[in-house]
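So this one's final-v9.cif, mmCIF, C-alpha atoms:
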data_start
#
loop_
_atom_site.group_PDB
_atom_site.id
_atom_site.type_symbol
_atom_site.label_atom_id
_atom_site.label_comp_id
_atom_site.auth_asym_id
_atom_site.auth_seq_id
_atom_site.Cartn_x
_atom_site.Cartn_y
_atom_site.Cartn_z
ATOM 1 C CA MET V 70 -39.233 -18.983 19.218
ATOM 2 C CA VAL V 71 -37.387 -16.925 16.607
ATOM 3 C CA SER V 72 -39.610 -14.868 14.325
ATOM 4 C CA ASN V 73 -39.149 -14.666 10.554
ATOM 5 C CA GLU V 74 -37.934 -11.074 10.916
ATOM 6 C CA GLN V 75 -35.300 -12.157 13.443
ATOM 7 C CA LYS V 76 -34.203 -15.006 11.183
ATOM 8 C CA GLU V 77 -33.767 -12.578 8.288
ATOM 9 C CA PHE V 78 -31.768 -10.206 10.494
ATOM 10 C CA ILE V 79 -29.525 -13.021 11.749
ATOM 11 C CA SER V 80 -29.017 -14.185 8.170
ATOM 12 C CA GLU V 81 -28.019 -10.683 7.045
ATOM 13 C CA VAL V 82 -25.579 -10.243 9.943
ATOM 14 C CA THR V 83 -24.024 -13.659 9.309
ATOM 15 C CA ALA V 84 -23.574 -12.828 5.624
ATOM 16 C CA TRP V 85 -21.314 -9.917 6.587
ATOM 17 C CA LYS V 86 -19.055 -11.914 8.907
ATOM 18 C CA PRO V 87 -15.440 -12.049 7.648
ATOM 19 C CA ASP V 88 -15.207 -15.851 7.669
ATOM 20 C CA VAL V 89 -18.435 -16.127 5.675
ATOM 21 C CA ILE V 90 -17.211 -13.538 3.167
ATOM 22 C CA ILE V 91 -13.888 -15.349 2.753
ATOM 23 C CA SER V 92 -15.650 -18.677 2.311
ATOM 24 C CA ARG V 93 -17.798 -17.111 -0.391
ATOM 25 C CA LEU V 94 -14.686 -15.737 -2.119
ATOM 26 C CA LYS V 95 -13.107 -19.195 -2.148
ATOM 27 C CA SER V 96 -16.233 -20.598 -3.766
ATOM 28 C CA GLN V 97 -16.231 -17.846 -6.387
ATOM 29 C CA ILE V 98 -12.594 -18.547 -7.248
ATOM 30 C CA ASP V 99 -13.358 -22.256 -7.525
ATOM 31 C CA GLU V 100 -16.228 -21.545 -9.889
ATOM 32 C CA ASN V 101 -14.423 -18.963 -12.011
ATOM 33 C CA ALA V 102 -10.660 -18.906 -11.437
ATOM 34 C CA ARG V 103 -10.105 -16.731 -14.503
ATOM 35 C CA ASP V 104 -11.749 -13.690 -12.874
ATOM 36 C CA TRP V 105 -10.204 -14.087 -9.416
ATOM 37 C CA LYS V 106 -8.962 -10.486 -9.336
ATOM 38 C CA LEU V 107 -12.443 -9.126 -9.927
ATOM 39 C CA SER V 108 -13.806 -11.504 -7.294
ATOM 40 C CA VAL V 109 -11.303 -10.126 -4.790
ATOM 41 C CA LEU V 110 -12.282 -6.533 -5.558
ATOM 42 C CA GLU V 111 -15.969 -7.336 -5.223
ATOM 43 C CA THR V 112 -15.247 -9.060 -1.921
ATOM 44 C CA ILE V 113 -13.418 -5.934 -0.786
ATOM 45 C CA ALA V 114 -16.625 -3.995 -1.450
ATOM 46 C CA GLU V 115 -18.428 -6.240 1.052
ATOM 47 C CA TRP V 116 -15.724 -6.263 3.719
ATOM 48 C CA PRO V 117 -17.069 -4.758 6.967
ATOM 49 C CA LEU V 118 -13.899 -4.266 9.040
ATOM 50 C CA ALA V 119 -11.657 -1.201 9.007
ATOM 51 C CA ARG V 120 -9.041 -2.942 11.131
ATOM 52 C CA GLU V 121 -8.231 -6.380 12.482
ATOM 53 C CA THR V 122 -5.354 -8.315 13.993
ATOM 54 C CA ILE V 123 -4.171 -11.459 12.215
ATOM 55 C CA ALA V 124 -1.548 -13.629 13.930
ATOM 56 C CA GLY V 125 -0.438 -10.665 16.010
ATOM 57 C CA ARG V 126 -0.170 -8.340 13.031
ATOM 58 C CA GLY V 127 -2.320 -5.225 13.060
ATOM 59 C CA MET V 128 -4.044 -4.713 9.711
ATOM 60 C CA ASP V 129 -5.263 -1.130 9.323
ATOM 61 C CA TYR V 130 -7.218 -1.046 6.095
ATOM 62 C CA LEU V 131 -8.752 2.387 6.642
ATOM 63 C CA ILE V 132 -6.382 5.073 7.912
ATOM 64 C CA ALA V 133 -7.955 7.934 9.870
ATOM 65 C CA GLY V 134 -11.335 6.797 8.589
ATOM 66 C CA GLU V 135 -10.412 8.222 5.169
ATOM 67 C CA ALA V 136 -7.559 6.459 3.357
ATOM 68 C CA PHE V 137 -8.239 2.895 2.235
ATOM 69 C CA ASP V 138 -5.375 0.472 1.554
ATOM 70 C CA TRP V 139 -7.151 -2.008 -0.702
ATOM 71 C CA ARG V 140 -3.943 -3.923 -1.406
ATOM 72 C CA LEU V 141 -3.488 -4.714 2.278
ATOM 73 C CA LEU V 142 -7.028 -6.070 2.472
ATOM 74 C CA ALA V 143 -6.530 -7.982 -0.785
ATOM 75 C CA GLU V 144 -3.382 -9.514 0.712
ATOM 76 C CA ARG V 145 -5.362 -10.626 3.750
ATOM 77 C CA LEU V 146 -8.101 -12.155 1.585
ATOM 78 C CA LEU V 147 -5.740 -13.876 -0.824
ATOM 79 C CA ASP V 148 -3.615 -15.218 1.996
ATOM 80 C CA ALA V 149 -6.762 -16.873 3.306
ATOM 81 C CA CYS V 150 -7.299 -18.299 -0.203
ATOM 82 C CA SER V 151 -3.662 -19.281 -0.706
ATOM 83 C CA SER V 152 -4.575 -22.845 -1.593
ATOM 84 C CA LYS V 153 -6.679 -21.543 -4.488
ATOM 85 C CA ILE V 154 -4.115 -19.258 -6.164
ATOM 86 C CA GLU V 155 -0.333 -19.518 -6.121
ATOM 87 C CA ASN V 156 1.305 -16.926 -3.882
ATOM 88 C CA ASP V 157 3.689 -15.729 -6.586
ATOM 89 C CA ILE V 158 0.775 -14.924 -8.873
ATOM 90 C CA TRP V 159 -1.211 -12.793 -6.459
ATOM 91 C CA TRP V 160 1.871 -11.158 -4.981
ATOM 92 C CA GLU V 161 2.850 -10.025 -8.473
ATOM 93 C CA TRP V 162 -0.584 -8.416 -8.834
ATOM 94 C CA LEU V 163 -0.369 -6.625 -5.487
ATOM 95 C CA ASP V 164 3.207 -5.479 -6.163
ATOM 96 C CA ASP V 165 2.086 -3.788 -9.365
ATOM 97 C CA PRO V 166 1.788 -0.073 -8.485
ATOM 98 C CA ALA V 167 -0.921 0.540 -11.111
ATOM 99 C CA LEU V 168 -3.465 2.942 -9.622
ATOM 100 C CA PHE V 169 -6.456 0.675 -10.213
ATOM 101 C CA GLY V 170 -4.798 -2.720 -10.059
ATOM 102 C CA GLY V 171 -4.780 -3.182 -13.814
ATOM 103 C CA PHE V 172 -8.485 -2.386 -14.197
ATOM 104 C CA ALA V 173 -10.085 0.581 -15.891
ATOM 105 C CA GLU V 174 -11.024 3.325 -13.439
ATOM 106 C CA SER V 175 -14.762 2.822 -13.936
ATOM 107 C CA GLU V 176 -14.464 -0.953 -13.603
ATOM 108 C CA PHE V 177 -12.427 -0.658 -10.419
ATOM 109 C CA MET V 178 -14.907 1.802 -8.900
ATOM 110 C CA ARG V 179 -17.842 -0.417 -9.805
ATOM 111 C CA ALA V 180 -16.132 -3.422 -8.199
ATOM 112 C CA VAL V 181 -15.091 -1.891 -4.854
ATOM 113 C CA GLY V 182 -17.927 0.624 -4.553
ATOM 114 C CA VAL V 183 -17.877 4.415 -4.632
ATOM 115 C CA ASP V 184 -16.950 4.947 -0.969
ATOM 116 C CA LYS V 185 -13.978 2.588 -1.000
ATOM 117 C CA PHE V 186 -12.945 3.949 -4.400
ATOM 118 C CA ARG V 187 -12.762 7.479 -3.012
ATOM 119 C CA ALA V 188 -10.953 6.251 0.080
ATOM 120 C CA HIS V 189 -8.484 4.432 -2.189
ATOM 121 C CA LEU V 190 -7.689 7.707 -3.945
ATOM 122 C CA SER V 191 -7.116 9.300 -0.541
ATOM 123 C CA TYR V 192 -4.627 6.545 0.254
ATOM 124 C CA PHE V 193 -2.945 6.844 -3.124
ATOM 125 C CA TYR V 194 -2.329 10.578 -2.849
ATOM 126 C CA GLY V 195 -2.006 10.728 0.929
ATOM 127 C CA VAL V 196 0.348 7.776 1.408
ATOM 128 C CA THR V 197 1.764 6.402 -1.854
ATOM 129 C CA VAL V 198 2.422 9.723 -3.593
ATOM 130 C CA GLU V 199 3.439 11.400 -0.322
ATOM 131 C CA GLN V 200 6.076 8.726 0.284
ATOM 132 C CA ALA V 201 7.367 9.185 -3.260
ATOM 133 C CA LEU V 202 7.505 12.959 -2.726
ATOM 134 C CA LEU V 203 9.555 12.502 0.429
ATOM 135 C CA VAL V 204 11.967 10.179 -1.392
ATOM 136 C CA SER V 205 12.288 12.738 -4.191
ATOM 137 C CA VAL V 206 13.145 15.551 -1.774
ATOM 138 C CA GLU V 207 15.613 13.322 0.081
ATOM 139 C CA GLU V 208 17.328 12.553 -3.227
ATOM 140 C CA GLU V 209 17.547 16.254 -4.055
ATOM 141 C CA ILE V 210 19.221 16.890 -0.700
ATOM 142 C CA THR V 211 21.578 13.967 -1.285
ATOM 143 C CA HIS V 212 22.618 15.264 -4.701
ATOM 144 C CA ILE V 213 23.271 18.737 -3.328
ATOM 145 C CA ARG V 214 25.393 17.424 -0.459
ATOM 146 C CA VAL V 215 27.343 15.021 -2.677
ATOM 147 C CA ALA V 216 27.961 17.726 -5.269
ATOM 148 C CA SER V 217 29.308 20.036 -2.573
ATOM 149 C CA GLY V 218 31.494 17.308 -1.077
ATOM 150 C CA ARG V 219 29.628 17.182 2.220
ATOM 151 C CA GLU V 220 29.082 13.986 4.178
ATOM 152 C CA LEU V 221 25.675 12.320 4.187
ATOM 153 C CA SER V 222 23.923 11.382 7.416
ATOM 154 C CA ASP V 223 20.475 10.595 8.785
ATOM 155 C CA VAL V 224 20.451 14.092 10.240
ATOM 156 C CA SER V 225 20.962 15.621 6.812
ATOM 157 C CA LEU V 226 17.980 13.670 5.475
ATOM 158 C CA GLU V 227 15.849 15.101 8.288
ATOM 159 C CA ARG V 228 16.052 18.237 6.197
ATOM 160 C CA ALA V 229 13.478 16.718 3.839
ATOM 161 C CA HIS V 230 10.887 16.690 6.625
ATOM 162 C CA GLU V 231 11.816 20.219 7.605
ATOM 163 C CA LEU V 232 11.405 21.449 4.036
ATOM 164 C CA LEU V 233 8.068 19.725 3.486
ATOM 165 C CA TYR V 234 6.488 19.843 6.931
ATOM 166 C CA GLY V 235 8.409 22.435 8.915
ATOM 167 C CA ASN V 236 10.050 20.183 11.512
ATOM 168 C CA THR V 237 12.196 17.083 12.019
ATOM 169 C CA ARG V 238 10.730 13.610 11.688
ATOM 170 C CA GLY V 239 11.126 12.919 15.397
ATOM 171 C CA GLN V 240 9.437 16.143 16.447
ATOM 172 C CA LEU V 241 6.627 15.604 13.960
ATOM 173 C CA TRP V 242 6.112 12.081 15.272
ATOM 174 C CA GLU V 243 5.792 13.436 18.808
ATOM 175 C CA VAL V 244 2.902 15.659 17.728
ATOM 176 C CA PHE V 245 1.382 12.832 15.692
ATOM 177 C CA SER V 246 1.580 10.428 18.640
ATOM 178 C CA LEU V 247 -0.086 12.949 20.932
ATOM 179 C CA GLU V 248 -2.942 13.433 18.470
ATOM 180 C CA THR V 249 -3.452 9.753 17.668
ATOM 181 C CA GLY V 250 -2.509 8.079 20.928
ATOM 182 C CA LEU V 251 0.244 6.005 19.330
ATOM 183 C CA PRO V 252 3.408 5.595 21.425
ATOM 184 C CA SER V 253 6.238 8.032 20.870
ATOM 185 C CA ILE V 254 9.570 6.815 19.512
ATOM 186 C CA PRO V 255 12.556 6.638 21.874
ATOM 187 C CA ARG V 256 15.102 9.303 21.032
ATOM 188 C CA SER V 257 17.622 6.631 20.072
ATOM 189 C CA SER V 258 15.197 5.189 17.502
ATOM 190 C CA ARG V 259 13.851 8.261 15.726
ATOM 191 C CA ARG V 260 14.403 7.049 12.218
ATOM 192 C CA LYS V 261 12.516 5.250 9.488
ATOM 193 C CA GLY V 262 11.625 1.701 10.392
ATOM 194 C CA ALA V 263 11.496 2.386 14.127
ATOM 195 C CA HIS V 264 7.805 1.503 14.199
ATOM 196 C CA SER V 265 5.296 -0.640 12.328
ATOM 197 C CA LEU V 266 4.360 -0.339 8.677
ATOM 198 C CA ALA V 267 0.786 0.448 9.710
ATOM 199 C CA SER V 268 1.858 3.350 11.907
ATOM 200 C CA ASP V 269 4.274 4.493 9.182
ATOM 201 C CA ASP V 270 1.384 4.742 6.723
ATOM 202 C CA ALA V 271 -0.778 6.527 9.287
ATOM 203 C CA PHE V 272 2.072 8.937 9.986
ATOM 204 C CA THR V 273 2.587 9.574 6.277
ATOM 205 C CA TYR V 274 -1.107 10.326 5.825
ATOM 206 C CA TRP V 275 -0.979 12.674 8.802
ATOM 207 C CA LEU V 276 2.004 14.455 7.222
ATOM 208 C CA PHE V 277 0.102 14.719 3.951
ATOM 209 C CA LYS V 278 -2.824 16.418 5.670
ATOM 210 C CA LEU V 279 -0.428 18.702 7.532
ATOM 211 C CA ARG V 280 1.148 19.747 4.237
ATOM 212 C CA MET V 281 -2.291 20.363 2.726
ATOM 213 C CA GLU V 282 -3.126 22.702 5.609
ATOM 214 C CA ARG V 283 0.127 24.651 5.514
ATOM 215 C CA SER V 284 0.865 24.966 1.798
ATOM 216 C CA ASP V 285 -0.699 27.227 -0.784
ATOM 217 C CA PRO V 286 -2.485 25.627 -3.776
ATOM 218 C CA ALA V 287 0.397 26.247 -6.183
ATOM 219 C CA LYS V 288 2.910 24.574 -3.848
ATOM 220 C CA ILE V 289 0.545 21.655 -3.260
ATOM 221 C CA ALA V 290 0.146 21.129 -7.005
ATOM 222 C CA SER V 291 3.905 21.378 -7.578
ATOM 223 C CA ASP V 292 4.740 18.902 -4.821
ATOM 224 C CA THR V 293 2.041 16.490 -5.993
ATOM 225 C CA ARG V 294 3.495 16.534 -9.511
ATOM 226 C CA LYS V 295 6.948 15.894 -8.077
ATOM 227 C CA GLY V 296 5.640 12.905 -6.135
ATOM 228 C CA LEU V 297 3.819 11.514 -9.166
ATOM 229 C CA VAL V 298 6.907 11.887 -11.358
ATOM 230 C CA LYS V 299 9.037 10.084 -8.788
ATOM 231 C CA LEU V 300 6.437 7.348 -8.439
ATOM 232 C CA GLU V 301 6.401 6.820 -12.198
ATOM 233 C CA ARG V 302 10.203 6.594 -12.277
ATOM 234 C CA MET V 303 10.094 4.041 -9.489
ATOM 235 C CA ARG V 304 7.529 2.051 -11.471
ATOM 236 C CA GLN V 305 9.689 2.150 -14.601
ATOM 237 C CA ASN V 306 12.754 1.052 -12.632
ATOM 238 C CA ASN V 307 10.748 -1.807 -11.172
ATOM 239 C CA ASP V 308 9.604 -2.846 -14.655
ATOM 240 C CA ARG V 309 13.202 -2.809 -15.898
ATOM 241 C CA ARG V 310 14.277 -4.867 -12.901
ATOM 242 C CA LYS V 311 11.612 -7.465 -13.670
ATOM 243 C CA ILE V 312 12.694 -7.620 -17.326
ATOM 244 C CA LEU V 313 16.341 -8.108 -16.339
ATOM 245 C CA LEU V 314 15.376 -10.728 -13.778
ATOM 246 C CA HIS V 315 13.292 -12.570 -16.355
ATOM 247 C CA SER V 316 16.176 -12.359 -18.835
ATOM 248 C CA ASP V 317 18.612 -13.777 -16.268
ATOM 249 C CA GLU V 318 16.221 -16.614 -15.470
ATOM 250 C CA LEU V 319 15.785 -17.343 -19.175
ATOM 251 C CA GLN V 320 19.550 -17.386 -19.771
ATOM 252 C CA SER V 321 20.008 -19.688 -16.792
ATOM 253 C CA HIS V 322 17.299 -22.003 -18.088
ATOM 254 C CA LEU V 323 18.848 -22.092 -21.569
ATOM 255 C CA GLY V 324 22.266 -22.772 -20.060
ATOM 256 C CA ARG V 325 20.944 -25.716 -18.084
ATOM 257 C CA ARG V 326 19.146 -27.003 -21.173
ATOM 258 C CA ARG V 327 22.297 -26.825 -23.327
ATOM 259 C CA GLY V 328 24.260 -28.607 -20.620
ATOM 260 C CA HIS V 329 21.642 -31.333 -20.495
ATOM 261 C CA GLU V 330 21.742 -31.722 -24.302
ATOM 262 C CA LYS V 331 25.545 -32.092 -24.246
ATOM 263 C CA VAL V 332 25.280 -34.864 -21.684
ATOM 264 C CA LEU V 333 22.805 -36.660 -23.922
#

Before anything else, please render the file you have as C-alpha cells.
Amino acid sequence: MVSNEQKEFISEVTAWKPDVIISRLKSQIDENARDWKLSVLETIAEWPLARETIAGRGMDYLIAGEAFDWRLLAERLLDACSSKIENDIWWEWLDDPALFGGFAESEFMRAVGVDKFRAHLSYFYGVTVEQALLVSVEEEITHIRVASGRELSDVSLERAHELLYGNTRGQLWEVFSLETGLPSIPRSSRRKGAHSLASDDAFTYWLFKLRMERSDPAKIASDTRKGLVKLERMRQNNDRRKILLHSDELQSHLGRRRGHEKVL
C-alpha cells in the first residue's frame, strides 16, 4: 500500500515531467491567450531538462552547464502547442533579438527565475555577442583585403579566429572536441556549417571562455563593445528588412485590390 508521503512524492515528480508541464502550458494558453508569452517564460522556469532529443534533433538548452538558450526551449514548447498559436506569430517573437524577449529585465527575470536568467545572460554574451564579434572581425578582414585588391577565400577568413583566439578554426575545434568529447571535423569539412547548430553554439561558447582567459580586461571590454555594436546593426538591418517586406506585401495587396475593382 502506498503511503501518503509516497503519494505526495509521486505527485511532485509527475508535476515536473515534460509532458505534464507542456499540457499545463496548453491549458494556460487556452485560459489566457493574451499572455501566452509570459506563460511560456514561466513554463521555462519549471522545465527540468538541460537537453533532450526531439525527432532525432538534439536540443541543448544549457551549454556547458552555464549558458541557457531560452529561445530554443521556447521553440520546443511552442512547437508542442502549435495548434494553440499560429507558427508565424511565435516565430516572429523568437526571431526578435531583443535581450529579454520584449519584456522588462525585472519581469523577464521574475518569469524565468534567477538561475535561468543568469544563464541566459551567459548565453547572450558567450554565444550571441561572440558570434556577432566574429562576424565583425571577418568583415574588417574582408574590407582590408578588398581595399588592397587581394582575393577573398575561406582561408583568409580563418584570420578572424587567429586574431581573436590565437589559432585557426579547425585547430581550435580539434582542441574543443578533445575537451568535450564531440567528434572532430574531417579536414575537408573544416568550415562553418560542417557540424550541428548545437555544437556550433557550444563551440562558440568555448571560444568565448578561451578569449576571456587569454585577453586582458581592456581588450575584453573593447571586443565586447564591438560585438554589441555589430549585433545592434544586425538588428537594425533586420528591422529595415521587415519594414521593406511589409511595404512590398502592402503594395502587392493594393495592386490586387485595384485590379479587382477594375474588373467590377

| remark: Taken to one decimal, the atom CA of V:Asp138-atom CA of V:Leu233 distance is 23.6 Å

| request: List the residues matched by the PyMOL selection byres ((chain V and resi 99-108) around 10) in the displayed structure as a PyMOL selection string, ordered by chain and then by residue number. | output: chain V and resi 93-98+109-114+143+147+153-154+159+162+170-172+176-177+180-181

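Of the residues listed (V:Ala271, V:Ile289, V:Ile158, V:Leu190), V:Ala271 shows the shortest atom-to-atom separation from V:Gly250; distances use only C-alpha atoms.
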
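The space between atom CA of V:Lys278 and atom CA of V:Ile132 spans 12.1 Å.
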
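Comparing V:Leu251, V:Ala124, V:Leu297, V:Leu163 by their smallest distance to V:Val204, the closest is V:Leu297 (using all atoms listed in the file).
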
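Atom CA of V:Ala201 is positioned 13.5 Å from atom CA of V:Asn306.
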
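Distance annotation: of V:Ser246, V:Pro117, V:Gln305, V:Tyr234, the residue with the minimal separation from V:Ser284 is V:Tyr234; atom set is only C-alpha atoms.
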
| message | Here is a test: counting all atoms listed in the file, which residue of V:Leu146, V:Ile312, V:Val215, V:Leu241 is nearest to V:Leu276? | response | V:Leu241

| request: Find the spatial neighbours of V:Glu135, counting only C-alpha atoms, within a cut-off of 9 Å - ignore same-chain residues fewer than 6 positions away - and output them as a ChimeraX atom specification. | output: /V:187-189,191-192

| request: Go through V:Met128, V:Leu247, V:Ile213, V:Ile123 one by one, measure the shortest atom-to-atom distance of each to V:Ser268 using all atoms listed in the file, and give the residue with the smallest value. | output: V:Met128

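Closest to V:Val206 among V:Glu161, V:Asp292, V:Glu115, V:Asp88 is V:Asp292, based on all atoms listed in the file.
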
Report, as AutoDock Vina command-line options, the axis-aligned box around all atoms of stretch 228-231 of chain V present in the file, extended by 4 Å on each side; give centre and edge lengths in Å to one decimal place.
--center_x 13.5 --center_y 18.5 --center_z 5.7 --size_x 13.2 --size_y 11.5 --size_z 11.8

| field | Test item: residues at most 7 Å from V:Lys295, all atoms listed in the file, excluding those fewer than 4 positions along its chain, as a list in words | value | Leu202, Ser291 and Lys299 of chain V
